[in-house]
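> The structure file protein-v6.cif (mmCIF, C-alpha atoms and all ligand atoms) is provided below.
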```
data_data
loop_
_atom_site.label_atom_id
_atom_site.label_comp_id
_atom_site.auth_asym_id
_atom_site.auth_seq_id
_atom_site.Cartn_x
_atom_site.Cartn_y
_atom_site.Cartn_z
CA MET A 1 -131.91 39.19 -95.83
CA LEU A 2 -128.72 41.16 -96.50
CA GLU A 3 -126.90 42.57 -93.45
CA ILE A 4 -125.30 45.54 -95.17
CA GLU A 5 -123.50 46.63 -92.01
CA PRO A 6 -124.03 45.63 -88.37
CA GLY A 7 -127.61 46.62 -87.54
CA VAL A 8 -128.60 47.51 -91.14
CA ARG A 9 -130.68 44.67 -92.52
CA LEU A 10 -132.13 44.89 -96.02
CA TYR A 11 -135.03 42.63 -97.04
CA ARG A 12 -135.17 43.09 -100.80
CA GLY A 13 -138.65 42.51 -102.24
CA PHE A 14 -140.13 41.85 -98.79
CA PHE A 15 -143.52 43.02 -100.12
CA ASP A 16 -144.66 41.42 -103.40
CA PHE A 17 -146.39 43.64 -105.96
CA SER A 18 -149.92 42.94 -104.80
CA ARG A 19 -149.02 43.80 -101.16
CA GLN A 20 -147.20 46.93 -102.35
CA ASP A 21 -150.27 47.95 -104.32
CA SER A 22 -152.61 47.44 -101.37
CA LEU A 23 -150.16 49.35 -99.12
CA VAL A 24 -150.20 52.27 -101.58
CA ARG A 25 -154.00 52.28 -101.33
CA ASP A 26 -153.74 52.20 -97.53
CA ILE A 27 -151.48 55.27 -97.76
CA GLU A 28 -154.01 57.02 -100.04
CA ARG A 29 -156.58 56.54 -97.26
CA VAL A 30 -154.15 57.87 -94.64
CA ILE A 31 -153.53 60.98 -96.78
CA ALA A 32 -157.27 61.48 -97.29
CA ARG A 33 -157.65 61.76 -93.49
CA ALA A 34 -154.29 63.38 -92.71
CA PRO A 35 -153.28 65.59 -95.66
CA LEU A 36 -149.64 65.83 -96.74
CA PHE A 37 -147.86 68.85 -95.23
CA THR A 38 -144.52 70.50 -95.99
CA PRO A 39 -142.22 70.36 -92.98
CA ARG A 40 -139.91 73.34 -92.36
CA MET A 41 -136.44 73.54 -90.87
CA PRO A 42 -136.14 74.75 -87.29
CA ARG A 43 -135.39 78.54 -87.07
CA THR A 44 -134.77 79.17 -90.80
CA GLY A 45 -138.19 77.92 -91.90
CA LYS A 46 -136.66 76.50 -95.10
CA ALA A 47 -139.10 74.01 -96.64
CA PHE A 48 -138.23 70.32 -97.02
CA SER A 49 -138.51 69.08 -100.61
CA VAL A 50 -140.29 65.99 -99.24
CA ARG A 51 -143.95 66.23 -98.18
CA MET A 52 -145.05 64.20 -95.18
CA THR A 53 -147.88 62.84 -93.13
CA ASN A 54 -148.14 60.19 -90.40
CA CYS A 55 -150.25 57.38 -89.03
CA GLY A 56 -150.27 55.70 -85.64
CA PRO A 57 -150.48 57.29 -82.17
CA PHE A 58 -147.69 59.82 -82.83
CA GLY A 59 -146.45 61.70 -85.87
CA TRP A 60 -143.19 63.48 -86.66
CA VAL A 61 -143.62 67.18 -87.50
CA SER A 62 -141.34 70.19 -87.88
CA ASP A 63 -141.80 73.95 -88.20
CA ALA A 64 -139.62 77.04 -87.80
CA ALA A 65 -140.98 78.00 -84.39
CA ARG A 66 -140.91 74.68 -82.55
CA GLY A 67 -138.53 72.45 -84.56
CA TYR A 68 -138.50 68.66 -84.86
CA ARG A 69 -140.84 66.78 -82.55
CA TYR A 70 -143.52 64.11 -82.26
CA GLU A 71 -147.15 65.17 -81.87
CA PRO A 72 -150.37 63.19 -81.40
CA HIS A 73 -152.24 65.53 -83.78
CA HIS A 74 -151.92 66.72 -87.38
CA PRO A 75 -150.36 70.23 -87.49
CA GLU A 76 -153.08 71.66 -89.79
CA THR A 77 -156.28 69.70 -89.12
CA CYS A 78 -155.44 69.21 -85.39
CA GLU A 79 -157.04 65.74 -85.70
CA PRO A 80 -155.44 62.58 -84.31
CA TRP A 81 -153.36 60.68 -86.86
CA PRO A 82 -155.14 57.77 -88.64
CA VAL A 83 -154.44 54.22 -87.49
CA MET A 84 -151.46 52.37 -88.88
CA PRO A 85 -152.34 49.92 -91.68
CA ARG A 86 -152.41 46.31 -90.44
CA VAL A 87 -149.84 45.11 -92.97
CA LEU A 88 -147.28 47.52 -91.45
CA LEU A 89 -147.97 46.30 -87.91
CA GLU A 90 -147.48 42.74 -89.17
CA ALA A 91 -144.20 43.65 -90.88
CA TRP A 92 -142.96 45.23 -87.62
CA GLU A 93 -143.84 42.05 -85.72
CA GLU A 94 -141.98 39.95 -88.24
CA LEU A 95 -138.86 42.10 -88.67
CA ALA A 96 -138.30 44.38 -85.67
CA SER A 97 -137.50 41.83 -82.92
CA TYR A 98 -138.98 44.26 -80.42
CA PRO A 99 -141.67 43.40 -77.85
CA LEU A 100 -143.78 46.56 -78.25
CA PRO A 101 -145.69 47.83 -81.31
CA PRO A 102 -144.55 50.85 -83.35
CA GLN A 103 -145.87 54.22 -82.11
CA ALA A 104 -145.35 56.30 -85.25
CA CYS A 105 -145.28 55.76 -88.98
CA LEU A 106 -143.85 58.71 -90.89
CA VAL A 107 -144.97 58.82 -94.53
CA ASN A 108 -142.47 60.62 -96.80
CA LEU A 109 -143.61 61.46 -100.35
CA TYR A 110 -140.72 62.31 -102.69
CA HIS A 111 -141.47 63.99 -106.00
CA ALA A 112 -138.99 63.12 -108.75
CA GLU A 113 -136.54 65.92 -107.79
CA ALA A 114 -136.88 65.63 -104.01
CA ARG A 115 -134.09 64.48 -101.72
CA MET A 116 -133.23 64.26 -98.04
CA SER A 117 -129.88 65.51 -96.83
CA LEU A 118 -127.64 63.57 -94.46
CA HIS A 119 -129.06 63.51 -90.92
CA GLN A 120 -129.50 61.40 -87.79
CA ASP A 121 -132.87 60.27 -86.41
CA ARG A 122 -132.65 61.36 -82.80
CA ASP A 123 -136.02 62.88 -81.95
CA GLU A 124 -137.16 59.64 -80.30
CA LYS A 125 -136.60 58.91 -76.60
CA ASP A 126 -136.16 55.19 -77.28
CA PHE A 127 -132.98 54.30 -79.20
CA GLU A 128 -133.23 50.64 -78.14
CA ALA A 129 -136.02 49.97 -80.63
CA PRO A 130 -135.07 49.65 -84.30
CA ILE A 131 -136.57 51.70 -87.12
CA LEU A 132 -138.34 49.82 -89.91
CA SER A 133 -138.31 51.46 -93.35
CA VAL A 134 -140.49 50.44 -96.31
CA SER A 135 -139.96 51.82 -99.84
CA LEU A 136 -142.63 52.11 -102.55
CA GLY A 137 -142.54 53.57 -106.06
CA ALA A 138 -139.37 54.92 -107.67
CA ASP A 139 -135.95 53.54 -106.78
CA CYS A 140 -133.60 55.88 -104.93
CA ARG A 141 -129.93 56.17 -104.18
CA PHE A 142 -129.74 55.92 -100.39
CA ARG A 143 -126.64 57.14 -98.51
CA LEU A 144 -125.46 55.58 -95.25
CA GLY A 145 -122.76 57.23 -93.14
CA GLY A 146 -121.31 56.61 -89.70
CA SER A 147 -122.09 58.00 -86.29
CA LYS A 148 -120.27 61.29 -87.05
CA ARG A 149 -121.24 63.57 -89.91
CA SER A 150 -117.64 63.50 -91.17
CA ASP A 151 -117.44 59.67 -91.27
CA PRO A 152 -117.16 58.02 -94.71
CA THR A 153 -120.42 57.18 -96.45
CA ARG A 154 -121.55 54.53 -98.92
CA THR A 155 -124.57 54.32 -101.18
CA PHE A 156 -126.96 51.62 -102.30
CA VAL A 157 -130.28 51.47 -104.12
CA LEU A 158 -133.61 51.08 -102.33
CA SER A 159 -136.43 49.74 -104.50
CA SER A 160 -140.19 49.38 -104.28
CA GLY A 161 -141.12 46.58 -101.91
CA ASP A 162 -137.84 46.67 -99.97
CA ALA A 163 -137.94 46.68 -96.17
CA MET A 164 -134.95 47.69 -94.05
CA THR A 165 -134.38 47.60 -90.30
CA LEU A 166 -131.96 49.98 -88.61
CA GLY A 167 -131.14 48.91 -85.11
CA GLY A 168 -128.46 48.36 -82.52
CA PRO A 169 -125.17 49.93 -83.60
CA ALA A 170 -126.81 51.44 -86.71
CA ARG A 171 -129.64 53.27 -84.95
CA LEU A 172 -127.86 56.65 -84.78
CA ARG A 173 -125.99 56.54 -88.06
CA PHE A 174 -126.18 59.44 -90.49
CA HIS A 175 -128.25 58.72 -93.60
CA GLY A 176 -130.06 60.45 -96.45
CA VAL A 177 -131.57 60.11 -99.91
CA ASP A 178 -129.33 61.49 -102.68
CA LYS A 179 -131.87 61.27 -105.46
CA LEU A 180 -134.64 59.29 -107.07
CA LEU A 181 -133.79 57.11 -110.04
CA PRO A 182 -136.06 57.57 -113.07
CA ALA A 183 -138.29 54.95 -114.67
CA LEU A 184 -137.38 52.06 -112.41
CA SER A 185 -140.68 51.67 -110.56
CA PRO A 186 -143.43 49.13 -110.96
CA ARG A 187 -146.58 50.75 -112.36
CA PHE A 188 -149.06 51.58 -109.64
CA ALA A 189 -152.56 52.75 -110.44
CA SER A 190 -152.25 55.35 -107.66
CA PRO A 191 -152.09 59.07 -108.54
CA LEU A 192 -149.52 59.35 -105.71
CA LEU A 193 -146.98 57.46 -107.83
CA ALA A 194 -148.00 58.56 -111.36
CA ASN A 195 -144.94 60.76 -112.09
CA GLY A 196 -141.86 59.02 -110.79
CA GLU A 197 -142.58 59.67 -107.10
CA ARG A 198 -141.36 57.59 -104.18
CA ILE A 199 -143.00 56.84 -100.82
CA ASN A 200 -140.97 55.87 -97.78
CA LEU A 201 -142.60 54.69 -94.58
CA THR A 202 -140.61 54.64 -91.32
CA LEU A 203 -142.05 52.87 -88.29
CA ARG A 204 -140.64 53.90 -84.92
CA ARG A 205 -140.95 53.71 -81.17
CA VAL A 206 -141.12 57.25 -79.85
CA THR A 207 -141.38 57.24 -76.04
C1 LIG B 301 -130.27 54.56 -91.17
N1 LIG B 301 -136.11 58.63 -94.42
O1 LIG B 301 -137.64 59.81 -92.54
S1 LIG B 301 -135.51 55.53 -94.55
C2 LIG B 301 -136.42 59.72 -92.31
O2 LIG B 301 -136.00 57.03 -97.50
C3 LIG B 301 -135.55 59.13 -93.35
O3 LIG B 301 -137.30 58.55 -96.68
C4 LIG B 301 -135.36 58.10 -95.52
O4 LIG B 301 -134.36 59.14 -93.19
C5 LIG B 301 -136.29 57.87 -96.65
O5 LIG B 301 -135.88 60.07 -91.25
C6 LIG B 301 -134.57 56.90 -95.16
C7 LIG B 301 -134.22 54.48 -94.02
C8 LIG B 301 -133.59 54.86 -92.72
C9 LIG B 301 -134.32 55.33 -91.68
C10 LIG B 301 -133.72 55.57 -90.45
C11 LIG B 301 -132.37 55.31 -90.27
C12 LIG B 301 -132.25 54.62 -92.57
C13 LIG B 301 -131.61 54.84 -91.35
C14 LIG B 301 -131.73 55.47 -89.03
C15 LIG B 301 -130.39 55.17 -88.88
C16 LIG B 301 -129.65 54.73 -89.96
FE FE B 302 -133.91 59.57 -91.14
#
```
Take the structure in the file and give it back as structure tokens.

Amino acid sequence: MLEIEPGVRLYRGFFDFSRQDSLVRDIERVIARAPLFTPRMPRTGKAFSVRMTNCGPFGWVSDAARGYRYEPHHPETCEPWPVMPRVLLEAWEELASYPLPPQACLVNLYHAEARMSLHQDRDEKDFEAPILSVSLGADCRFRLGGSKRSDPTRTFVLSSGDAMTLGGPARLRFHGVDKLLPALSPRFASPLLANGERINLTLRRVT
């Protein structure tokens, strides 16, 4: 484990290739039940470049009319989100040091040109619990800032199979994904990752 900064713990290669591959298939099953959607910015309605879905009791959604929030149902099918894959619940137990299970797993699918601008994760009521992030597919250049948007930032690479916990003093830090890095991914059989895509899973407590 590498403690990059207080509260930011990176577990490089936490998932070996065969567990990554089975996790990608778990995510295919999640997407089959809960199709990817394109979130939109509050008010402006500008589309995110990242497509999303969720599993677990709650899912993160966003649209122009109602903004960022957690919902127990898919915004288009209105069905409950699928259950969280067991391997993710086990990873939370091992890494999160938190007595309660995760309530939401946001699935972000980045196409090769997608990115996520600098933001804070503050739509949860519980900031005591850490966030657990799992990366699959293409490498990316991840950007970590401070607790103010204007604070200095640093970057590091996140790779397929990496797990990272963000807790304590790091929980409200600004962060984003600058860009995906080409041709640095293990080869998955999945069509989700056939063209330099990246999947990021974030497990959270919500309430
Ligand atoms: C640092 N996702 O979904 S995960 C997000 O790679 C999100 O898709 C990114 O930011 C992605 O909200 C980054 C790593 C991460 C997650 C939460 C954090 C880093 C964080 C919260 C505080 C500080
Ligand atoms: Fe975030």
> Would you mind telling me which residue in A:Val83, A:Leu118, A:Leu95, A:Met41 lies nearest to ligand LIG 301 (chain B) when using all atoms listed in the file?
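When distances to ligand LIG 301 (chain B) are compared using all atoms listed in the file, the smallest one comes from A:Leu118.
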> For ligand LIG 301 (chain B), return the neighbouring residues as a list in words (distance at most 6 Å; all atoms listed in the file).
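Answer in the requested format: Asn108, Asp121, Ile131, Ser133, Leu166, Ala170, Arg171, Leu172, Arg173, Phe174, His175, Gly176, Val177 and Asn200 of chain A.
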> If I take CA of Ala183 in chain A and CA of Arg198 in chain A, how far is one from the other in Å, to one decimal?
11.2 Å
> Please list as a PyMOL selection string every residue within 7 Å of Met1 in chain A, counting all atoms listed in the file and excluding residues in the same chain fewer than 5 positions away.
chain A and resi 9-11
> Please, what distance in Å, to one decimal, runs between CA of Leu192 in chain A and CA of Arg204 in chain A?
23.3 Å
> Applying 12 Å and only C-alpha atoms, which residues near Leu2 in chain A remain after dropping the ones on its own chain fewer than 2 positions away? List them as a PyMOL selection string.
chain A and resi 4-14+162-165
